[in-house]
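*Asks:* Take a look at input09.csv, CSV, C-alpha atoms and all ligand atoms:
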chain,number,residue,atom,x,y,z
A,923,MET,CA,32.4,-22.5,4.5
A,924,LYS,CA,34.4,-19.8,6.2
A,925,GLU,CA,33.4,-16.1,5.7
A,926,ASN,CA,36.4,-15.4,3.3
A,927,GLU,CA,35.5,-18.5,1.2
A,928,LEU,CA,31.9,-17.4,1.0
A,929,VAL,CA,32.9,-13.9,-0.1
A,930,GLU,CA,35.2,-15.4,-2.8
A,931,GLU,CA,32.4,-17.7,-4.0
A,932,ILE,CA,29.9,-14.9,-4.1
A,933,GLN,CA,32.3,-12.8,-6.2
A,934,ARG,CA,32.9,-15.7,-8.6
A,935,LEU,CA,29.1,-16.4,-9.0
A,936,LYS,CA,28.5,-12.7,-9.6
A,937,LYS,CA,30.7,-12.7,-12.7
A,938,GLU,CA,29.6,-16.2,-13.9
A,939,LYS,CA,25.9,-15.3,-13.7
A,940,ASN,CA,26.2,-11.6,-14.6
A,941,ALA,CA,24.5,-10.8,-11.3
A,942,VAL,CA,24.2,-7.6,-9.3
A,943,ILE,CA,23.8,-7.5,-5.5
A,944,LEU,CA,21.5,-4.7,-4.2
A,945,ALA,CA,21.5,-4.3,-0.5
A,946,HIS,CA,19.4,-2.2,1.9
A,947,TYR,CA,21.1,-0.2,4.7
A,948,TYR,CA,19.4,-2.5,7.2
A,949,GLN,CA,21.4,-5.6,6.1
A,950,THR,CA,24.2,-6.9,8.2
A,951,ALA,CA,27.7,-5.3,7.7
A,952,ASP,CA,29.1,-8.4,5.8
A,953,ILE,CA,26.3,-8.3,3.3
A,954,GLN,CA,26.6,-4.5,2.8
A,955,ASP,CA,30.3,-4.9,2.2
A,956,ILE,CA,29.9,-7.3,-0.6
A,957,ALA,CA,27.0,-5.4,-2.3
A,958,ASP,CA,27.4,-3.6,-5.7
A,959,TYR,CA,24.9,-1.0,-4.5
A,960,ILE,CA,23.7,-0.1,-1.0
A,961,GLY,CA,20.8,2.3,-0.6
A,962,ASP,CA,17.4,3.2,0.7
A,963,SER,CA,14.1,2.0,-0.8
A,964,LEU,CA,14.1,4.7,-3.5
A,965,GLY,CA,17.7,4.3,-4.5
A,966,LEU,CA,17.3,0.5,-4.7
A,967,SER,CA,14.2,0.8,-7.0
A,968,GLN,CA,16.0,3.3,-9.2
A,969,GLU,CA,19.0,0.9,-9.4
A,970,ALA,CA,16.8,-2.1,-10.2
A,971,ALA,CA,15.1,-0.2,-13.0
A,972,LYS,CA,18.4,0.6,-14.8
A,973,THR,CA,20.6,-2.4,-14.1
A,974,GLU,CA,22.0,-4.4,-17.1
A,975,ALA,CA,22.6,-7.5,-15.0
A,976,ASP,CA,20.8,-10.7,-15.8
A,977,MET,CA,20.1,-11.6,-12.2
A,978,ILE,CA,19.2,-9.2,-9.3
A,979,VAL,CA,20.2,-10.6,-6.0
A,980,PHE,CA,18.1,-8.5,-3.5
A,981,ALA,CA,19.5,-8.3,0.0
A,982,GLY,CA,16.5,-6.7,1.6
A,983,VAL,CA,12.9,-7.7,2.3
A,984,ARG,CA,10.4,-9.2,0.0
A,985,PHE,CA,8.4,-6.1,-1.0
A,986,MET,CA,11.7,-4.5,-2.2
A,987,ALA,CA,12.6,-7.6,-4.3
A,988,GLU,CA,9.0,-7.5,-5.7
A,989,THR,CA,9.5,-3.9,-6.6
A,990,ALA,CA,12.7,-4.8,-8.4
A,991,LYS,CA,10.8,-7.6,-10.3
A,992,ILE,CA,8.0,-5.2,-11.2
A,993,LEU,CA,10.5,-2.7,-12.7
A,994,SER,CA,12.7,-5.3,-14.4
A,995,PRO,CA,10.2,-8.2,-15.2
A,996,GLN,CA,12.5,-9.8,-17.7
A,997,LYS,CA,15.2,-10.3,-15.1
A,998,LYS,CA,15.6,-13.0,-12.5
A,999,VAL,CA,15.2,-11.6,-9.0
A,1000,VAL,CA,16.3,-13.7,-6.1
A,1001,LEU,CA,16.1,-13.0,-2.3
A,1002,PRO,CA,18.3,-14.8,0.3
A,1003,ASP,CA,15.3,-15.6,2.5
A,1004,ILE,CA,11.8,-15.6,1.1
A,1005,HIS,CA,10.3,-15.2,4.7
A,1006,ALA,CA,11.9,-11.7,4.9
A,1007,GLY,CA,8.6,-9.9,5.1
A,1008,CYS,CA,7.6,-6.6,6.8
A,1009,SER,CA,5.1,-5.7,9.5
A,1010,LEU,CA,3.8,-2.8,7.3
A,1011,GLU,CA,3.2,-5.1,4.4
A,1012,GLN,CA,1.4,-7.6,6.7
A,1013,SER,CA,-0.8,-4.9,8.2
A,1014,ALA,CA,-2.5,-4.2,4.8
A,1015,PRO,CA,-3.9,-7.4,3.1
A,1016,ALA,CA,-5.2,-6.4,-0.3
A,1017,ASP,CA,-8.8,-7.7,0.2
A,1018,LYS,CA,-9.2,-5.7,3.4
A,1019,PHE,CA,-7.7,-2.6,1.9
A,1020,LYS,CA,-9.9,-2.9,-1.2
A,1021,ALA,CA,-13.0,-2.9,1.1
A,1022,PHE,CA,-11.6,0.2,3.0
A,1023,LYS,CA,-10.9,2.0,-0.2
A,1024,GLU,CA,-14.5,1.4,-1.5
A,1025,GLN,CA,-15.7,3.6,1.4
A,1026,TYR,CA,-14.0,6.6,-0.2
A,1027,PRO,CA,-14.8,6.4,-3.9
A,1028,ASP,CA,-13.3,9.8,-4.6
A,1029,ALA,CA,-10.0,9.3,-2.8
A,1030,LEU,CA,-6.7,9.0,-4.5
A,1031,VAL,CA,-4.4,6.3,-2.9
A,1032,ILE,CA,-0.8,7.0,-2.0
A,1033,SER,CA,1.0,3.9,-0.7
A,1034,TYR,CA,4.3,3.7,1.0
A,1035,VAL,CA,6.5,1.3,-0.9
A,1036,ASN,CA,6.5,-1.0,2.1
A,1037,CYS,CA,3.5,-3.0,1.0
A,1038,SER,CA,2.7,-6.0,-1.2
A,1039,ALA,CA,2.6,-6.0,-5.0
A,1040,GLU,CA,-1.2,-6.6,-4.7
A,1041,LEU,CA,-1.6,-3.5,-2.6
A,1042,LYS,CA,0.4,-1.5,-5.2
A,1043,THR,CA,-2.2,-2.6,-7.8
A,1044,LEU,CA,-4.8,-0.7,-5.7
A,1045,THR,CA,-2.6,2.3,-5.4
A,1046,ASP,CA,-2.4,5.5,-7.6
A,1047,ILE,CA,1.1,6.6,-6.5
A,1048,VAL,CA,3.7,4.8,-4.5
A,1049,CYS,CA,6.1,6.7,-2.3
A,1050,THR,CA,9.2,6.1,-0.2
A,1051,SER,CA,10.4,8.1,2.8
A,1052,THR,CA,12.7,10.1,0.6
A,1053,ASN,CA,10.0,11.4,-1.8
A,1054,ALA,CA,6.8,11.2,0.3
A,1055,VAL,CA,6.5,14.9,1.0
A,1056,LYS,CA,7.0,15.9,-2.6
A,1057,ILE,CA,4.5,13.2,-3.8
A,1058,VAL,CA,1.8,14.4,-1.3
A,1059,GLU,CA,2.5,18.0,-2.3
A,1060,SER,CA,2.1,17.1,-6.0
A,1061,ILE,CA,-1.6,16.4,-5.4
A,1062,PRO,CA,-4.1,19.3,-5.5
A,1063,LYS,CA,-5.0,20.4,-2.0
A,1064,ASP,CA,-8.7,19.7,-2.4
A,1065,GLN,CA,-8.1,16.1,-3.5
A,1066,GLN,CA,-9.0,13.5,-0.8
A,1067,ILE,CA,-6.1,11.1,-0.2
A,1068,ILE,CA,-5.9,7.7,1.5
A,1069,PHE,CA,-2.4,7.0,2.8
A,1070,ALA,CA,-1.4,3.4,3.4
A,1071,PRO,CA,-0.1,1.4,5.2
A,1072,ASP,CA,2.1,3.4,7.7
A,1073,LYS,CA,0.0,5.5,10.1
A,1074,ASN,CA,3.2,7.1,11.7
A,1075,LEU,CA,4.6,8.2,8.4
A,1076,GLY,CA,1.1,9.3,7.3
A,1077,ALA,CA,0.7,11.4,10.5
A,1078,TYR,CA,4.1,12.9,9.9
A,1079,LEU,CA,3.2,13.8,6.3
A,1080,ASN,CA,-0.1,15.3,7.4
A,1081,LYS,CA,1.8,17.5,9.9
A,1082,VAL,CA,4.5,18.6,7.4
A,1083,THR,CA,2.2,19.2,4.4
A,1084,GLY,CA,-0.9,20.4,6.3
A,1085,ARG,CA,-3.1,17.8,4.7
A,1086,ASN,CA,-5.7,15.6,6.3
A,1087,MET,CA,-5.0,12.3,4.6
A,1088,ILE,CA,-7.1,9.3,5.7
A,1089,LEU,CA,-4.6,6.9,7.3
A,1090,TRP,CA,-4.5,3.1,7.2
A,1091,ASP,CA,-3.7,1.6,10.6
A,1092,GLY,CA,-0.3,0.0,10.1
A,1093,ALA,CA,3.1,0.5,11.8
A,1094,CYS,CA,6.7,-0.7,11.6
A,1095,ILE,CA,7.4,-3.1,14.5
A,1096,VAL,CA,10.9,-1.7,14.7
A,1097,HIS,CA,10.3,2.0,14.6
A,1098,GLU,CA,7.3,2.0,16.9
A,1099,THR,CA,9.5,0.7,19.7
A,1100,PHE,CA,11.7,3.8,19.8
A,1101,SER,CA,10.8,5.3,23.2
A,1102,ALA,CA,10.6,9.1,23.6
A,1103,ARG,CA,11.0,8.6,27.4
A,1104,LEU,CA,14.2,6.6,27.2
A,1105,ILE,CA,15.6,8.7,24.4
A,1106,GLN,CA,15.1,11.8,26.6
A,1107,GLU,CA,17.3,10.0,29.2
A,1108,MET,CA,19.9,9.4,26.5
A,1109,ILE,CA,19.8,13.1,25.5
A,1110,ASP,CA,20.4,14.0,29.2
A,1111,GLN,CA,23.4,11.7,29.3
A,1112,HIS,CA,24.8,12.9,25.9
A,1113,PRO,CA,23.8,16.6,25.8
A,1114,ASN,CA,25.8,17.3,22.7
A,1115,ALA,CA,24.3,14.5,20.7
A,1116,LYS,CA,21.8,15.2,17.9
A,1117,LEU,CA,18.7,13.1,17.7
A,1118,ILE,CA,18.0,11.9,14.1
A,1119,ALA,CA,14.9,9.8,13.3
A,1120,HIS,CA,13.3,7.9,10.5
A,1121,PRO,CA,9.7,9.1,9.8
A,1122,GLU,CA,8.3,5.6,10.5
A,1123,SER,CA,8.9,6.5,14.2
A,1124,VAL,CA,6.0,7.7,16.5
A,1125,ASN,CA,5.3,11.4,16.8
A,1126,ALA,CA,6.5,11.6,20.4
A,1127,VAL,CA,10.0,10.7,19.1
A,1128,LEU,CA,9.8,12.8,15.9
A,1129,GLU,CA,8.9,16.0,17.6
A,1130,HIS,CA,12.1,15.9,19.6
A,1131,ALA,CA,14.3,15.1,16.6
A,1132,ASP,CA,16.9,17.5,15.2
A,1133,TYR,CA,16.5,15.9,11.8
A,1134,VAL,CA,13.8,13.5,10.3
A,1135,GLY,CA,14.6,11.7,7.1
A,1136,SER,CA,14.9,8.5,5.1
A,1137,THR,CA,17.9,6.2,5.7
A,1138,THR,CA,19.9,8.0,3.0
A,1139,GLY,CA,18.8,11.4,4.4
A,1140,LEU,CA,20.0,10.3,7.9
A,1141,LEU,CA,23.3,9.1,6.5
A,1142,LYS,CA,23.9,12.3,4.6
A,1143,TYR,CA,23.0,14.4,7.6
A,1144,THR,CA,25.6,12.7,9.8
A,1145,ILE,CA,28.2,13.1,7.0
A,1146,ASN,CA,27.5,16.8,6.4
A,1147,SER,CA,26.8,17.9,10.0
A,1148,PRO,CA,29.7,19.5,12.0
A,1149,GLU,CA,28.3,17.7,15.1
A,1150,LYS,CA,30.2,14.7,16.4
A,1151,GLU,CA,27.6,12.6,18.3
A,1152,PHE,CA,24.2,11.3,17.2
A,1153,ILE,CA,21.4,9.3,18.6
A,1154,VAL,CA,19.9,7.3,15.7
A,1155,ALA,CA,16.3,6.3,15.7
A,1156,THR,CA,16.2,3.8,12.9
A,1157,GLU,CA,17.2,0.2,12.3
A,1158,THR,CA,20.7,-0.6,13.5
A,1159,GLY,CA,22.1,-1.7,10.1
A,1160,ILE,CA,22.5,2.0,9.0
A,1161,LEU,CA,25.2,2.6,11.7
A,1162,HIS,CA,27.7,0.5,9.6
A,1163,GLN,CA,27.7,3.1,6.8
A,1164,MET,CA,27.5,6.0,9.2
A,1165,GLN,CA,30.5,4.8,11.1
A,1166,LYS,CA,32.4,4.0,7.9
A,1167,ALA,CA,31.7,7.4,6.4
A,1168,SER,CA,32.6,9.3,9.7
A,1169,PRO,CA,35.0,7.2,11.7
A,1170,ASP,CA,35.7,10.1,14.1
A,1171,LYS,CA,32.0,10.5,15.1
A,1172,ILE,CA,30.0,8.7,17.8
A,1173,PHE,CA,26.7,7.0,17.0
A,1174,HIS,CA,24.2,5.6,19.6
A,1175,VAL,CA,21.2,3.4,18.7
A,1176,ALA,CA,18.1,5.1,20.1
A,1177,ALA,CA,16.6,3.3,23.1
A,1178,THR,CA,13.6,1.0,22.5
A,1179,GLU,CA,10.9,-0.3,24.8
A,1180,ARG,CA,8.1,-2.9,24.5
A,1181,ASN,CA,5.2,-3.1,26.9
A,1182,GLY,CA,6.9,-0.7,29.3
A,1183,THR,CA,10.2,-2.7,29.4
A,1184,GLN,CA,13.5,-1.6,27.8
A,1185,CYS,CA,14.3,-3.8,24.9
A,1186,THR,CA,17.8,-4.6,23.8
A,1187,SER,CA,17.2,-5.9,20.3
A,1188,CYS,CA,14.0,-4.2,19.1
A,1189,ALA,CA,16.0,-1.9,16.8
A,1190,ASP,CA,17.1,-4.9,14.7
A,1191,CYS,CA,14.5,-5.6,12.1
A,1192,PRO,CA,13.7,-9.4,12.5
A,1193,TYR,CA,12.8,-9.6,8.8
A,1194,MET,CA,15.9,-7.8,7.4
A,1195,LYS,CA,18.1,-9.8,9.7
A,1196,LEU,CA,16.8,-13.2,8.3
A,1197,ASN,CA,19.3,-12.7,5.4
A,1198,THR,CA,22.8,-14.0,6.0
A,1199,LEU,CA,25.9,-14.2,3.9
A,1200,GLU,CA,25.5,-17.9,3.6
A,1201,LYS,CA,21.9,-17.6,2.4
A,1202,LEU,CA,23.0,-15.0,0.0
A,1203,TYR,CA,25.6,-17.5,-1.4
A,1204,TRP,CA,23.0,-20.3,-1.7
A,1205,CYS,CA,20.4,-18.1,-3.4
A,1206,MET,CA,23.0,-17.0,-6.0
A,1207,LYS,CA,24.2,-20.6,-6.6
A,1208,ASP,CA,20.7,-22.2,-6.8
A,1209,GLU,CA,18.9,-19.1,-8.2
A,1210,THR,CA,16.2,-19.6,-5.6
A,1211,PRO,CA,14.1,-18.4,-3.8
A,1212,GLU,CA,13.0,-16.5,-6.9
A,1213,ILE,CA,10.4,-13.7,-7.0
A,1214,ILE,CA,7.6,-14.7,-9.4
A,1215,LEU,CA,4.6,-12.4,-9.9
A,1216,PRO,CA,1.6,-12.7,-12.2
A,1217,GLU,CA,2.0,-10.6,-15.3
A,1218,GLU,CA,-1.3,-8.8,-14.6
A,1219,THR,CA,0.0,-7.8,-11.1
A,1220,ILE,CA,3.3,-6.5,-12.6
A,1221,ARG,CA,1.4,-4.5,-15.2
A,1222,ALA,CA,-1.0,-2.9,-12.7
A,1223,ALA,CA,1.5,-2.4,-9.9
A,1224,ARG,CA,4.0,-0.8,-12.3
A,1225,GLN,CA,1.9,2.2,-13.0
A,1226,SER,CA,1.9,3.4,-9.4
A,1227,ILE,CA,5.7,2.9,-9.1
A,1228,ASP,CA,6.4,4.6,-12.5
A,1229,ARG,CA,4.4,7.6,-11.3
A,1230,MET,CA,6.6,7.8,-8.2
A,1231,LEU,CA,9.8,7.5,-10.2
A,1232,GLU,CA,8.6,10.3,-12.6
A,1233,ILE,CA,7.7,12.7,-9.7
A,1234,SER,CA,11.1,11.9,-8.0
A,1235,ALA,CA,13.0,12.6,-11.2
A,1236,ARG,CA,11.2,15.9,-11.7
A,1237,HIS,CA,12.4,16.9,-8.2
A,1238,GLY,CA,15.9,15.6,-8.8
A,1239,LEU,CA,15.5,12.9,-6.1
A,1301,LIG,P1,14.0,3.8,3.5
A,1301,LIG,O1,14.9,2.8,2.9
A,1301,LIG,O2,13.1,4.5,2.5
A,1301,LIG,O3,14.7,4.8,4.4
A,1301,LIG,O4,12.9,3.0,4.5
A,1301,LIG,C1,13.3,2.3,5.5
A,1301,LIG,C2,12.6,1.0,5.8
A,1301,LIG,O5,12.0,0.8,6.7
A,1301,LIG,C3,12.7,0.0,4.8
A,1301,LIG,O6,12.0,-1.1,5.3
A,1302,LIG,FE1,9.3,-3.3,7.6
A,1302,LIG,FE2,10.1,-2.0,9.7
A,1302,LIG,FE3,11.6,-4.0,8.9
A,1302,LIG,FE4,11.5,-1.7,7.4
A,1302,LIG,S1,12.3,-2.0,9.5
A,1302,LIG,S2,11.3,-3.9,6.7
A,1302,LIG,S3,9.4,-1.1,7.8
A,1302,LIG,S4,9.4,-4.1,9.7
Would you put the structure from the file into structure tokens?
Ligand code: 13P
Ligand code: SF4
*Replies:*
Amino acid sequence: MKENELVEEIQRLKKEKNAVILAHYYQTADIQDIADYIGDSLGLSQEAAKTEADMIVFAGVRFMAETAKILSPQKKVVLPDIHAGCSLEQSAPADKFKAFKEQYPDALVISYVNCSAELKTLTDIVCTSTNAVKIVESIPKDQQIIFAPDKNLGAYLNKVTGRNMILWDGACIVHETFSARLIQEMIDQHPNAKLIAHPESVNAVLEHADYVGSTTGLLKYTINSPEKEFIVATETGILHQMQKASPDKIFHVAATERNGTQCTSCADCPYMKLNTLEKLYWCMKDETPEIILPEETIRAARQSIDRMLEISARHGL
């Protein structure tokens, strides 16, 4: 099928099945353009919790679709490619994390939403990059905290909040490739550009950034800033919305390197980019791959997500 036929068929299936398409900013431009809602991890979970649709078509990665299922268990949740995982999720198998957690019986667990449903059942409060600072700050200062699974986000939170959370050793394979050395060369070439970075990036990058924030935060910053040029240290998909919102501004993807060699495609998340318009069409048509989770997992994981949504709402996030 040609792209315009796929788009028409997807629109038709959306009405026929009372489906809603939720897409993360890291999806390809064609998928973002057909979505009913485009957002960051927090926005997508808030949307999934309140949708009236019968079927949620989740154009993102599996942990996001699982979060949608946990929040709307009575709805069918489908994902274009079931192999769309996440390196952070893979870094923290529930059994290993459980053993780690047992070493700190008094600690409270805050987990970044980029983790499996099983890990969420071992978590007290989930967070996303939008609300992480507020969530950490909502915990009394003398309470010991384990933060999982992203050590870079955890280190950033420790710095911003002055806490000393115990960090699980996980990282995002995309954000950890942004190179402070190569970015400095870019800044030298584009002296008027502002460096903006997602907090999953390493400290050497974050400490040079003019702004650090979630994908929604980064997008808003580029819209509201009077500056005209930006070096963006996050997954490439977000540039579609940045360029759409500010056609007169210039956006550069921050340089990446792996094993000391500059990398041309490391800023593309290999998991996010598994989804295609064609797979989106087939998953709507066949209603598969579907996210199925045990009832007990949904019940236990939901508490940690509900706590996050309550704290976010209290702070107007
Ligand atoms: P946010 O959507 O919270 O900005 O997180 C980015 C991300 O890495 C999702 O996988
Ligand atoms: Fe996971 Fe990183 Fe891809 Fe986000 S960009 S889904 S954190 S691997």
*Asks:* What does the list of residues within 9 Å of ligand LIG 1301 (chain A) look like if you count all atoms listed in the file, written as JSON, numbers by chain?
*Replies:* {"A": [946, 947, 948, 961, 962, 963, 964, 965, 966, 982, 983, 985, 986, 1008, 1010, 1034, 1035, 1036, 1049, 1050, 1051, 1052, 1053, 1094, 1096, 1097, 1120, 1121, 1122, 1135, 1136, 1137, 1138, 1139, 1140, 1156, 1157, 1191, 1194]}
*Asks:* Find the residues near stretch 926-941 of chain A: any atom within 10 Å, counting all atoms listed in the file, skip ones fewer than 5 places away on the same chain, and give them as an MDAnalysis selection string.
*Replies:* chainID A and resid 952:953 955:958 973:979 998:999 1199:1200 1202:1204 1206:1207 1209
*Asks:* Of the residues A:Thr950, A:Asn1086, A:Asn1125, A:Thr1183, which is the one nearest to A:Asp1064, using all atoms listed in the file?
*Replies:*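 Result for the nearest residue to A:Asp1064: A:Asn1086.
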*Asks:* Quick one: residues within 8 Å of (-3.0, 8.0, 7.5) (file frame), counting only C-alpha atoms, please, as JSON, numbers by chain.
*Replies:* {"A": [1068, 1069, 1070, 1071, 1072, 1073, 1074, 1075, 1076, 1077, 1080, 1087, 1088, 1089, 1090, 1091]}
*Asks:* Taking only C-alpha atoms and all ligand atoms into account, which of A:Thr1083, A:Asn1146, A:Gln996, A:Ser1013 comes nearest ligand LIG 1302 (chain A)?
*Replies:*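 For ligand LIG 1302 (chain A), the nearest of the given residues is A:Ser1013.
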*Asks:* Report, in Å with one decimal, the straight-line distance from atom CA of A:Lys997 to atom CA of A:Ala945.
*Replies:*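 That distance, rounded to one decimal, is 17.0 Å.
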*Asks:* Figure out the distance between atom CA of A:Lys1056 and atom CA of A:Ile960, please, to one decimal in Å.
*Replies:*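 It comes out at 23.2 Å.
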*Asks:* Would you compute the distance between atom CA of A:Ala1016 and atom CA of A:Val1000? Give it in Å to one decimal.
*Replies:*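 About the pair atom CA of A:Ala1016 and atom CA of A:Val1000: they are 23.4 Å apart.
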*Asks:* From the list A:Asp1190, A:Glu1212, A:Asp1017, A:Asp1110, which residue is nearest ligand LIG 1302 (chain A) when using all atoms listed in the file?
*Replies:*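 Nearest candidate to ligand LIG 1302 (chain A) out of A:Asp1190, A:Glu1212, A:Asp1017, A:Asp1110: A:Asp1190.
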*Asks:* Point out the residue among A:Gln949, A:Thr1099, A:Gln1111, A:Ser1009 with the least atom-to-atom distance to ligand LIG 1302 (chain A), counting only C-alpha atoms and all ligand atoms.
*Replies:*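 So, comparing all the options, the nearest one is A:Ser1009.
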*Asks:* Could you list, as a PyMOL selection string, every residue within 6 Å of A:Ala1176, counting only C-alpha atoms and ignoring same-chain residues fewer than 3 positions away?
*Replies:* chain A and resi 1153-1155
*Asks:* Of the candidates A:Ala1177, A:Ile1057, A:Ile1145, A:Ala1167, which one gets nearest to A:Ile1109 if we count all atoms listed in the file?
*Replies:*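 When distances to A:Ile1109 are compared using all atoms listed in the file, the smallest one comes from A:Ala1177.
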*Asks:* Calculated over all atoms listed in the file, which of the candidates A:Ala1115, A:Leu944, A:Ile1061, A:Met1108 has the smallest distance to A:Glu1149?
*Replies:*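 Residue with the minimum atom-to-atom distance to A:Glu1149: A:Ala1115.
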*Asks:* Centre and edge lengths, as JSON, for the axis-aligned box enclosing every listed atom of ligand LIG 1302 (chain A) with 6 Å of padding on each of the six sides, in Å to one decimal?
*Replies:*
{"center_x": 10.8, "center_y": -2.6, "center_z": 8.2, "size_x": 15.0, "size_y": 15.0, "size_z": 15.0}
